[in-house]
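Undergrad: One file: data_33.txt (compact mmCIF, C-alpha atoms).
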# COMPACT_ATOMS: atom_id res chain seq x y z
CA MET A 1438 0.00 0.00 0.00
CA PRO A 1439 1.38 3.45 -0.82
CA ALA A 1440 2.26 5.74 2.05
CA GLN A 1441 -0.48 8.01 3.29
CA THR A 1442 0.07 11.50 4.66
CA ALA A 1443 -1.73 13.59 7.25
CA PRO A 1444 -1.07 16.95 8.91
CA PHE A 1445 0.61 16.74 12.33
CA GLY A 1446 0.51 20.33 13.52
CA SER A 1447 2.88 23.21 12.91
CA LEU A 1448 6.05 24.57 14.49
CA PRO A 1449 6.10 27.91 16.34
CA ASP A 1450 7.45 29.58 13.18
CA GLY A 1451 4.49 28.31 11.17
CA ARG A 1452 6.19 25.51 9.24
CA GLU A 1453 3.87 22.52 8.88
CA VAL A 1454 4.75 19.04 10.08
CA THR A 1455 3.55 16.00 8.13
CA GLN A 1456 2.86 12.48 9.34
CA PHE A 1457 3.54 9.55 7.01
CA ILE A 1458 1.67 6.27 7.49
CA LEU A 1459 3.22 3.03 6.21
CA ARG A 1460 1.33 -0.27 6.19
CA ASN A 1461 2.03 -3.79 5.01
CA SER A 1462 -0.14 -6.85 4.36
CA LYS A 1463 0.76 -8.46 7.71
CA GLY A 1464 -1.05 -5.90 9.86
CA MET A 1465 1.98 -3.82 10.77
CA GLU A 1466 1.75 -0.02 10.63
CA VAL A 1467 4.40 2.64 11.13
CA ARG A 1468 3.66 6.32 11.61
CA LEU A 1469 6.47 8.84 11.43
CA ILE A 1470 6.81 12.60 11.08
CA ASN A 1471 9.30 14.79 9.25
CA TYR A 1472 10.03 16.72 12.45
CA GLY A 1473 13.03 14.88 13.88
CA GLY A 1474 12.33 11.87 11.67
CA ILE A 1475 10.35 10.67 14.68
CA ILE A 1476 8.55 7.31 14.72
CA THR A 1477 5.41 8.31 16.61
CA HIS A 1478 3.52 4.99 16.47
CA LEU A 1479 4.45 1.42 15.59
CA PHE A 1480 1.60 -1.08 15.53
CA VAL A 1481 2.60 -4.76 15.60
CA PRO A 1482 0.39 -7.88 15.85
CA ASP A 1483 0.88 -10.44 18.62
CA ARG A 1484 0.66 -14.23 18.32
CA ASP A 1485 -3.16 -14.00 18.27
CA GLY A 1486 -3.30 -11.20 15.74
CA ASN A 1487 -4.04 -8.48 18.29
CA VAL A 1488 -2.31 -5.23 17.37
CA ALA A 1489 -0.63 -2.88 19.87
CA ASP A 1490 1.48 0.25 19.59
CA VAL A 1491 4.92 -0.82 20.83
CA VAL A 1492 6.75 2.53 20.99
CA MET A 1493 6.53 5.40 23.45
CA GLY A 1494 5.52 8.78 22.10
CA PHE A 1495 2.69 11.25 21.68
CA ASP A 1496 -0.44 11.62 19.58
CA GLU A 1497 0.22 15.29 18.91
CA LEU A 1498 3.18 17.50 18.05
CA GLY A 1499 3.33 19.77 21.11
CA PRO A 1500 5.00 17.39 23.58
CA TYR A 1501 7.66 16.47 21.04
CA LEU A 1502 8.71 20.11 21.10
CA THR A 1503 8.86 20.41 24.90
CA ASP A 1504 8.75 17.11 26.82
CA SER A 1505 10.30 14.36 24.72
CA PRO A 1506 13.43 12.48 25.84
CA TYR A 1507 14.22 11.69 22.18
CA PHE A 1508 11.15 9.44 21.78
CA GLY A 1509 11.43 7.75 18.37
CA ALA A 1510 13.83 10.32 16.91
CA LEU A 1511 16.68 10.30 14.44
CA ILE A 1512 19.86 11.24 16.30
CA GLY A 1513 22.77 13.27 14.92
CA ARG A 1514 25.30 14.54 14.22
CA PHE A 1515 26.65 12.43 17.02
CA GLY A 1516 24.64 9.88 18.97
CA ASN A 1517 25.49 9.48 22.66
CA ARG A 1518 27.88 11.70 24.66
CA ILE A 1519 30.98 13.73 23.90
CA ALA A 1520 32.86 14.56 27.09
CA GLY A 1521 33.05 18.21 28.04
CA GLY A 1522 31.24 19.23 24.88
CA ARG A 1523 34.53 19.54 23.02
CA PHE A 1524 36.97 17.65 20.81
CA GLN A 1525 40.08 18.32 18.73
CA LEU A 1526 40.26 17.57 15.01
CA ASP A 1527 43.19 18.33 12.71
CA GLY A 1528 44.72 20.59 15.35
CA VAL A 1529 41.59 22.66 15.98
CA GLU A 1530 39.46 22.48 19.12
CA TYR A 1531 35.71 22.54 18.54
CA ARG A 1532 33.27 23.41 21.29
CA LEU A 1533 29.80 21.92 21.13
CA ASP A 1534 26.54 22.53 22.96
CA GLN A 1535 26.65 21.24 26.52
CA ASN A 1536 23.14 19.88 26.93
CA ASP A 1537 23.80 17.00 29.36
CA GLY A 1538 25.54 18.62 32.30
CA GLU A 1539 28.97 19.47 30.94
CA ASN A 1540 28.63 16.87 28.16
CA HIS A 1541 27.28 17.11 24.65
CA LEU A 1542 24.45 14.60 24.08
CA HIS A 1543 22.78 13.36 20.88
CA GLY A 1544 23.83 16.26 18.68
CA GLY A 1545 23.10 19.19 20.97
CA VAL A 1546 20.29 21.54 21.90
CA GLU A 1547 18.99 21.45 18.35
CA GLY A 1548 20.20 18.12 17.06
CA PHE A 1549 18.70 16.24 14.15
CA ASP A 1550 15.83 15.17 16.42
CA LYS A 1551 14.65 18.81 16.42
CA LYS A 1552 15.08 19.59 12.72
CA LEU A 1553 12.30 19.72 10.14
CA TRP A 1554 13.47 17.36 7.43
CA ASP A 1555 12.46 17.42 3.77
CA ALA A 1556 10.48 14.25 3.13
CA GLU A 1557 8.97 12.30 0.27
CA PRO A 1558 7.25 8.90 0.27
CA PHE A 1559 8.37 6.13 -2.06
CA GLU A 1560 7.33 2.62 -3.00
CA ASP A 1561 9.54 0.02 -4.66
CA GLU A 1562 10.42 -3.67 -4.59
CA ARG A 1563 11.65 -3.33 -1.00
CA GLY A 1564 8.33 -2.06 0.36
CA VAL A 1565 6.85 1.31 1.18
CA GLY A 1566 8.88 4.07 2.74
CA VAL A 1567 9.82 7.68 3.32
CA ARG A 1568 13.03 9.41 2.25
CA LEU A 1569 14.16 12.22 4.56
CA SER A 1570 16.88 14.74 3.74
CA LEU A 1571 18.60 17.50 5.66
CA VAL A 1572 21.56 19.85 5.32
CA SER A 1573 23.27 20.61 8.62
CA PRO A 1574 25.27 23.81 7.99
CA ASP A 1575 28.86 24.47 8.98
CA GLY A 1576 28.92 25.38 12.68
CA ASP A 1577 25.59 23.72 13.47
CA GLN A 1578 25.67 23.05 17.24
CA GLY A 1579 29.42 23.69 17.02
CA TYR A 1580 30.29 21.00 14.44
CA PRO A 1581 32.59 21.76 11.52
CA GLY A 1582 31.51 21.34 7.91
CA SER A 1583 28.26 21.33 6.02
CA LEU A 1584 26.80 17.82 6.32
CA SER A 1585 24.22 16.55 3.81
CA VAL A 1586 22.18 13.67 5.22
CA THR A 1587 19.64 11.30 3.69
CA VAL A 1588 17.72 8.76 5.76
CA GLU A 1589 15.34 6.21 4.31
CA TYR A 1590 12.77 4.38 6.40
CA TRP A 1591 11.00 1.53 4.71
CA LEU A 1592 8.55 -1.13 5.85
CA THR A 1593 8.79 -4.52 4.20
CA ASP A 1594 6.11 -7.16 3.86
CA ASP A 1595 7.96 -9.46 6.26
CA ASN A 1596 7.63 -6.97 9.15
CA GLN A 1597 11.02 -5.31 8.93
CA LEU A 1598 11.40 -1.60 9.55
CA ILE A 1599 14.70 -0.71 7.90
CA THR A 1600 16.57 2.56 8.45
CA ASP A 1601 19.27 3.46 5.95
CA TYR A 1602 21.60 6.44 6.49
CA CYS A 1603 23.88 8.27 4.07
CA ALA A 1604 25.89 11.46 4.63
CA THR A 1605 28.59 13.54 2.96
CA THR A 1606 30.50 16.60 4.16
CA ASP A 1607 32.63 19.42 2.79
CA LYS A 1608 34.90 19.43 5.86
CA ALA A 1609 36.07 16.74 8.28
CA THR A 1610 33.51 16.19 11.04
CA PRO A 1611 32.44 13.45 13.47
CA VAL A 1612 29.29 11.56 12.43
CA ASN A 1613 27.46 8.92 14.46
CA LEU A 1614 23.80 8.58 13.46
CA THR A 1615 21.25 6.35 15.13
CA GLN A 1616 17.56 5.82 15.90
CA HIS A 1617 16.08 6.32 19.37
CA SER A 1618 12.76 4.47 19.59
CA TYR A 1619 11.61 3.41 23.05
CA PHE A 1620 10.11 -0.09 22.79
CA ASN A 1621 7.59 -1.87 24.98
CA LEU A 1622 6.42 -5.00 23.18
CA ALA A 1623 3.40 -5.32 25.48
CA GLY A 1624 2.35 -1.74 24.77
CA ARG A 1625 1.97 -0.94 28.48
CA GLY A 1626 3.49 -1.56 31.92
CA THR A 1627 7.21 -2.05 32.40
CA VAL A 1628 9.69 -4.03 30.31
CA ARG A 1629 11.25 -5.77 33.28
CA ASP A 1630 9.77 -9.14 32.20
CA HIS A 1631 10.89 -8.83 28.57
CA GLN A 1632 13.38 -11.59 27.78
CA LEU A 1633 16.45 -9.95 26.28
CA THR A 1634 19.41 -11.49 24.46
CA LEU A 1635 22.41 -9.38 23.47
CA ASN A 1636 25.10 -10.42 21.01
CA ALA A 1637 27.80 -8.84 23.13
CA SER A 1638 30.46 -10.26 25.42
CA LYS A 1639 31.94 -6.85 26.35
CA TYR A 1640 30.57 -3.49 27.39
CA THR A 1641 31.91 -0.01 28.06
CA PRO A 1642 31.99 0.99 31.75
CA VAL A 1643 31.25 4.65 32.41
CA SER A 1644 32.21 7.39 34.85
CA ASP A 1645 29.69 9.11 37.08
CA LYS A 1646 29.13 11.47 34.13
CA LEU A 1647 28.32 8.49 31.88
CA ILE A 1648 31.49 8.88 29.79
CA PRO A 1649 33.43 5.70 28.87
CA GLU A 1650 36.36 5.08 31.19
CA GLY A 1651 38.87 2.29 31.55
CA PRO A 1652 39.17 -0.84 29.42
CA LEU A 1653 36.25 -2.77 27.98
CA VAL A 1654 34.79 -5.18 30.53
CA GLU A 1655 33.70 -8.77 29.97
CA VAL A 1656 30.01 -9.19 30.75
CA ALA A 1657 30.52 -12.71 32.10
CA GLY A 1658 29.61 -12.91 35.77
CA THR A 1659 28.06 -9.42 35.83
CA ALA A 1660 24.60 -7.88 35.64
CA PHE A 1661 25.46 -6.97 32.04
CA ASP A 1662 25.51 -10.57 30.79
CA PHE A 1663 22.61 -11.03 28.35
CA ARG A 1664 24.34 -13.53 26.09
CA GLN A 1665 21.56 -15.97 26.97
CA PRO A 1666 17.90 -14.87 27.23
CA LYS A 1667 17.29 -13.09 30.53
CA ALA A 1668 14.55 -10.85 31.86
CA ILE A 1669 15.58 -7.21 31.68
CA GLY A 1670 14.61 -6.86 35.33
CA SER A 1671 16.59 -9.86 36.58
CA ASP A 1672 19.64 -7.87 37.64
CA ILE A 1673 18.53 -4.29 37.08
CA ASP A 1674 18.37 -3.63 40.84
CA ALA A 1675 21.74 -5.28 41.57
CA ASP A 1676 24.24 -3.57 43.86
CA ASP A 1677 26.45 -2.53 40.95
CA ILE A 1678 28.10 0.88 40.70
CA GLN A 1679 27.58 0.91 36.93
CA LEU A 1680 23.82 0.45 37.28
CA LYS A 1681 23.72 3.11 39.99
CA ARG A 1682 25.58 5.62 37.84
CA ALA A 1683 22.87 5.19 35.20
CA ASN A 1684 20.14 5.98 37.74
CA GLY A 1685 19.27 2.38 38.48
CA GLY A 1686 19.39 0.56 35.18
CA TYR A 1687 21.22 0.15 31.90
CA ASP A 1688 22.48 3.12 29.90
CA HIS A 1689 25.60 1.53 28.50
CA ASN A 1690 27.38 0.80 25.26
CA PHE A 1691 27.77 -2.87 24.30
CA VAL A 1692 30.25 -4.13 21.70
CA VAL A 1693 28.76 -6.37 19.01
CA ASP A 1694 30.34 -9.81 18.73
CA ARG A 1695 30.87 -9.85 14.96
CA GLN A 1696 33.19 -12.87 14.81
CA GLY A 1697 34.51 -11.68 11.47
CA GLN A 1698 31.09 -11.08 9.92
CA GLN A 1699 30.58 -8.02 7.73
CA GLY A 1700 27.39 -6.09 7.07
CA GLU A 1701 24.31 -6.37 9.24
CA VAL A 1702 24.46 -8.74 12.20
CA LEU A 1703 22.07 -9.43 15.04
CA ALA A 1704 22.70 -7.10 17.98
CA ALA A 1705 19.71 -7.76 20.25
CA ARG A 1706 16.61 -9.91 20.51
CA ALA A 1707 13.71 -9.14 22.86
CA VAL A 1708 10.67 -11.33 23.55
CA GLU A 1709 7.55 -10.24 25.42
CA PRO A 1710 6.34 -13.54 26.93
CA VAL A 1711 2.60 -12.77 27.21
CA SER A 1712 1.97 -11.40 23.72
CA GLY A 1713 4.71 -13.41 22.03
CA ARG A 1714 5.96 -10.34 20.17
CA VAL A 1715 9.62 -10.53 19.20
CA LEU A 1716 11.94 -7.71 18.17
CA GLU A 1717 15.35 -8.28 16.62
CA VAL A 1718 17.72 -5.35 16.07
CA TRP A 1719 20.26 -5.83 13.29
CA THR A 1720 23.07 -3.38 12.57
CA GLU A 1721 26.21 -2.64 10.59
CA GLU A 1722 27.58 -0.62 13.51
CA PRO A 1723 30.27 -1.90 15.93
CA CYS A 1724 28.22 -1.16 19.07
CA PHE A 1725 24.82 -0.35 20.47
CA GLN A 1726 23.52 1.50 23.50
CA LEU A 1727 21.08 -0.31 25.78
CA TYR A 1728 18.90 2.11 27.72
CA THR A 1729 16.09 0.99 30.00
CA GLY A 1730 14.21 4.23 30.63
CA ASN A 1731 15.85 4.84 34.00
CA PHE A 1732 15.23 8.58 33.90
CA LEU A 1733 11.51 8.31 33.09
CA ASP A 1734 9.58 9.21 36.25
CA GLY A 1735 5.92 9.29 35.23
CA SER A 1736 5.86 13.07 34.88
CA VAL A 1737 5.39 12.83 31.11
CA GLU A 1738 2.18 11.38 29.67
CA GLY A 1739 1.61 10.26 26.12
CA LYS A 1740 -0.99 8.18 24.30
CA GLY A 1741 -3.11 8.03 27.44
CA GLN A 1742 -0.48 6.61 29.79
CA LYS A 1743 2.32 7.90 31.97
CA GLN A 1744 5.84 7.22 30.78
CA ILE A 1745 7.17 5.33 33.78
CA ARG A 1746 10.61 4.19 34.90
CA HIS A 1747 11.67 1.02 33.10
CA GLY A 1748 8.56 1.41 30.95
CA ALA A 1749 10.56 0.90 27.75
CA PHE A 1750 13.96 -0.07 26.42
CA CYS A 1751 16.10 1.34 23.62
CA VAL A 1752 18.67 -0.45 21.49
CA GLU A 1753 20.57 2.28 19.63
CA PRO A 1754 23.13 1.00 17.10
CA GLN A 1755 26.14 3.31 17.10
CA HIS A 1756 29.89 3.82 17.27
CA PHE A 1757 31.58 4.09 20.66
CA PRO A 1758 30.53 7.07 22.79
CA ASP A 1759 33.03 9.95 23.06
CA SER A 1760 34.97 8.54 20.09
CA PRO A 1761 36.29 11.98 19.01
CA ASN A 1762 38.17 12.18 22.34
CA GLN A 1763 39.27 8.56 22.71
CA SER A 1764 41.74 7.27 20.16
CA ARG A 1765 41.34 3.69 21.40
CA PHE A 1766 37.92 3.61 19.69
CA PRO A 1767 37.38 3.37 15.91
CA SER A 1768 37.27 6.76 14.23
CA THR A 1769 33.95 8.45 13.55
CA ILE A 1770 35.49 11.21 11.43
CA VAL A 1771 33.99 11.64 7.95
CA ARG A 1772 36.03 13.62 5.43
CA PRO A 1773 35.04 15.22 2.11
CA GLU A 1774 36.32 12.24 0.15
CA ASP A 1775 34.19 9.84 2.25
CA THR A 1776 30.56 8.77 2.15
CA TYR A 1777 29.08 7.79 5.50
CA HIS A 1778 26.65 4.90 5.24
CA THR A 1779 25.04 2.60 7.75
CA ARG A 1780 21.90 0.52 8.02
CA MET A 1781 19.89 -0.86 10.92
CA SER A 1782 16.83 -3.12 10.85
CA PHE A 1783 14.06 -3.62 13.39
CA ARG A 1784 12.57 -7.05 12.64
CA PHE A 1785 9.29 -8.10 14.25
CA SER A 1786 7.69 -11.52 14.60
CA ASN A 1787 5.44 -13.39 17.03
Can the structure from this file be put into structure tokens for me?
TA:
Amino acid sequence: MPAQTAPFGSLPDGREVTQFILRNSKGMEVRLINYGGIITHLFVPDRDGNVADVVMGFDELGPYLTDSPYFGALIGRFGNRIAGGRFQLDGVEYRLDQNDGENHLHGGVEGFDKKLWDAEPFEDERGVGVRLSLVSPDGDQGYPGSLSVTVEYWLTDDNQLITDYCATTDKATPVNLTQHSYFNLAGRGTVRDHQLTLNASKYTPVSDKLIPEGPLVEVAGTAFDFRQPKAIGSDIDADDIQLKRANGGYDHNFVVDRQGQQGEVLAARAVEPVSGRVLEVWTEEPCFQLYTGNFLDGSVEGKGQKQIRHGAFCVEPQHFPDSPNQSRFPSTIVRPEDTYHTRMSFRFSN
């Protein structure tokens, strides 16, 4: 079915926001808007054919402008944190927005999640989708270079939501794009009973400011071991300094066990035992951030329910946090002769 469009309010400066509705023959439906590239709704059938919205968000534009902790958004130029809101590149120090204490988080005060993207629907042999494009000018949020970005979302007939990213620049700049949907495969309650499997034997410990510190740590024997299916809530309350630093839960970068494989590999698999809904996250990236909604406190309400602590989880494929400041991590610098490209897939079944 071709994508449908509907108005979704207007920004304070009068620019109109559009919602795009993608459907397939299996009963799955994705709604997204060109403000922030945000996935506002994601309807998925359970084992009995009952459909539920499995992402946190809002039914109207207003809260996305004022109250949203990146619900469903495209993240850029740099997903995750950059320590001190600064980095050096080619002998020049760049100072970025400090929007997470002294750190720079998810691209700054007006990151890609707060931009109005150009958007056009498409339909081809892959499925039905929306192509979003944006030019982030030189100096945007402190970053060097004019960055041209294209992101394609498309919904396939086998219940995959694929996100494909491409970017070029006229000056060297860090780039680390990701997607920030908050999932609850039951559509309500907490995700503590979701059975989670992570394809990761190491994770990145963090300081009390949530910046990577020290060597990578083996997950074996720790609360971070999800190599076999385990309820998210099994160890979330453990007496572990890393969990405490993240406000009582997971907000950590895990390293994908690629074992020599190239391209997309499975990063995470979550199963909601009552509904039978399954989500697999596949990625070309070396890492992913697991976040379990530790900072949600019920003060924000959307879609008729309060957004509560541990009410959702995020799996955000990415490069290592703070890469521009830590040479031990793979480079995230894109230069004019480069083309940045990455793909991630959210695959649903029951």
Undergrad: Find the residues around A:Asp1485 up to 9 Å (only C-alpha atoms counted), leave out those fewer than 2 positions away in its own chain, and share them as a VMD selection string.
TA: chain A and resid 1482 to 1483 1487 to 1488 1712 to 1713 1787
Undergrad: List as a list in words the protein and nucleic acid residues near stretch 1502-1508 of chain A, meaning an atom at most 8 Å away when only C-alpha atoms are counted, but skip any in the same chain fewer than 2 places from it.
TA: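 Counting only C-alpha atoms, the residues come to Ile1475, Ile1476, Thr1477, Met1493, Gly1494, Leu1498, Gly1499, Pro1500, Ala1510, Asp1550, Lys1551, His1617, Ser1618, Tyr1619 and Val1737 of chain A.
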Undergrad: Could you tell me which of A:Gln1578, A:Gln1632, A:Gln1698, A:Thr1615 comes closest to A:Leu1511 if we count only C-alpha atoms?
TA: A:Thr1615
Undergrad: For atom CA of A:Ser1585 and atom CA of A:Val1567, quote the distance in Å rounded to one decimal.
TA: 16.9 Å
Undergrad: So how far away is atom CA of A:His1756 from atom CA of A:Thr1605, in Å?
TA: 17.3 Å
Undergrad: Restricting the calculation to only C-alpha atoms: of A:Glu1709, A:Asp1759, A:Asp1594, A:Asp1775, which residue gets closest to A:Arg1523?
TA: A:Asp1759
Undergrad: So, counting only C-alpha atoms, which residue among A:Ala1520, A:Leu1469, A:Ala1675, A:Val1643 is closest to A:Thr1659?
TA: A:Ala1675
Undergrad: So how far away is atom CA of A:Pro1758 from atom CA of A:Asp1645, in Å?
TA: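 Those two atoms sit 14.5 Å apart.
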Undergrad: Write out as a ChimeraX atom specification which residues come within 10 Å of A:Met1781 when counting all atoms listed in the file, dropping same-chain ones fewer than 5 positions away.
TA: /A:1590,1598-1602,1615-1616,1700-1704,1718-1722,1753-1755
Undergrad: Using only C-alpha atoms, tabulate the residues of stretch 1564-1650 of chain A lying at most 12 Å from any atom of stretch 1553-1556 of chain A, each with its closest atom pair and that distance in Å to one decimal, by chain and increasing residue number, as JSON lines.
TA:
{"residue": "A:Gly1566", "atom": "CA", "partner": "A:Ala1556", "partner_atom": "CA", "distance": 10.3}
{"residue": "A:Val1567", "atom": "CA", "partner": "A:Ala1556", "partner_atom": "CA", "distance": 6.6}
{"residue": "A:Arg1568", "atom": "CA", "partner": "A:Ala1556", "partner_atom": "CA", "distance": 5.5}
{"residue": "A:Leu1569", "atom": "CA", "partner": "A:Ala1556", "partner_atom": "CA", "distance": 4.4}
{"residue": "A:Ser1570", "atom": "CA", "partner": "A:Asp1555", "partner_atom": "CA", "distance": 5.2}
{"residue": "A:Leu1571", "atom": "CA", "partner": "A:Trp1554", "partner_atom": "CA", "distance": 5.4}
{"residue": "A:Val1572", "atom": "CA", "partner": "A:Trp1554", "partner_atom": "CA", "distance": 8.7}
{"residue": "A:Ser1573", "atom": "CA", "partner": "A:Trp1554", "partner_atom": "CA", "distance": 10.4}
{"residue": "A:Ser1585", "atom": "CA", "partner": "A:Trp1554", "partner_atom": "CA", "distance": 11.4}
{"residue": "A:Val1586", "atom": "CA", "partner": "A:Trp1554", "partner_atom": "CA", "distance": 9.7}
{"residue": "A:Thr1587", "atom": "CA", "partner": "A:Trp1554", "partner_atom": "CA", "distance": 9.4}
{"residue": "A:Val1588", "atom": "CA", "partner": "A:Ala1556", "partner_atom": "CA", "distance": 9.5}
{"residue": "A:Glu1589", "atom": "CA", "partner": "A:Ala1556", "partner_atom": "CA", "distance": 9.5}
{"residue": "A:Tyr1590", "atom": "CA", "partner": "A:Ala1556", "partner_atom": "CA", "distance": 10.6}
Undergrad: Those same residues - C-alpha atoms - I'd like them written as a compact mmCIF listing (two decimals), in the coordinates of the input.
TA:
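Okay, selection.txt is ready:
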# COMPACT_ATOMS: atom_id res chain seq x y z
CA GLY A 1566 8.88 4.07 2.74
CA VAL A 1567 9.82 7.68 3.32
CA ARG A 1568 13.03 9.41 2.25
CA LEU A 1569 14.16 12.22 4.56
CA SER A 1570 16.88 14.74 3.74
CA LEU A 1571 18.60 17.50 5.66
CA VAL A 1572 21.56 19.85 5.32
CA SER A 1573 23.27 20.61 8.62
CA SER A 1585 24.22 16.55 3.81
CA VAL A 1586 22.18 13.67 5.22
CA THR A 1587 19.64 11.30 3.69
CA VAL A 1588 17.72 8.76 5.76
CA GLU A 1589 15.34 6.21 4.31
CA TYR A 1590 12.77 4.38 6.40
Undergrad: Nearest residue to A:Phe1766 out of A:Thr1641, A:Asn1471, A:Asn1461, A:Gln1597, using all atoms listed in the file?
TA: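 Distance minimum relative to A:Phe1766 lands on A:Thr1641.
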Undergrad: At a cut-off of 12 Å from (40.0, 6.5, 11.0) in the coordinates of the file, what residues are picked up using all atoms listed in the file, written as a PyMOL selection string?
TA: chain A and resi 1526+1609-1612+1760-1761+1763-1772+1775
Undergrad: Determine, counting only C-alpha atoms, which protein, DNA and RNA residues have an atom within 10 Å of an atom of A:Ile1519; residues of the same chain fewer than 4 positions away are not included. Present the result as a ChimeraX atom specification.
TA: /A:1515,1523-1524,1533-1535,1537,1539-1544,1647-1649,1758-1763
Undergrad: Got a sec: who's within 7 Å of A:Leu1479, counting all atoms listed in the file, leaving out chain neighbours fewer than 6 positions off, as a PyMOL selection string?
TA: chain A and resi 1466-1468+1490-1492
Undergrad: Box in all listed atoms of stretch 1502-1515 of chain A, axis-aligned, with 3 Å more on each side; write out centre and edge lengths in Å to one decimal as AutoDock Vina command-line options.
TA:
--center_x 17.7 --center_y 14.1 --center_z 20.5 --size_x 23.9 --size_y 18.7 --size_z 18.6
Undergrad: Which of these residues is nearest to A:Ile1458, using only C-alpha atoms: A:Pro1574, A:Pro1439, A:Gly1509, A:Gly1522?
TA: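 Ranked by minimum distance to A:Ile1458, first place goes to A:Pro1439.
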Undergrad: For each of A:Leu1653, A:Met1438, A:Val1693, A:Val1546, take the minimum atom-to-atom distance to A:Met1465, counting all atoms listed in the file, then give the residue where this is smallest.
TA: A:Met1438
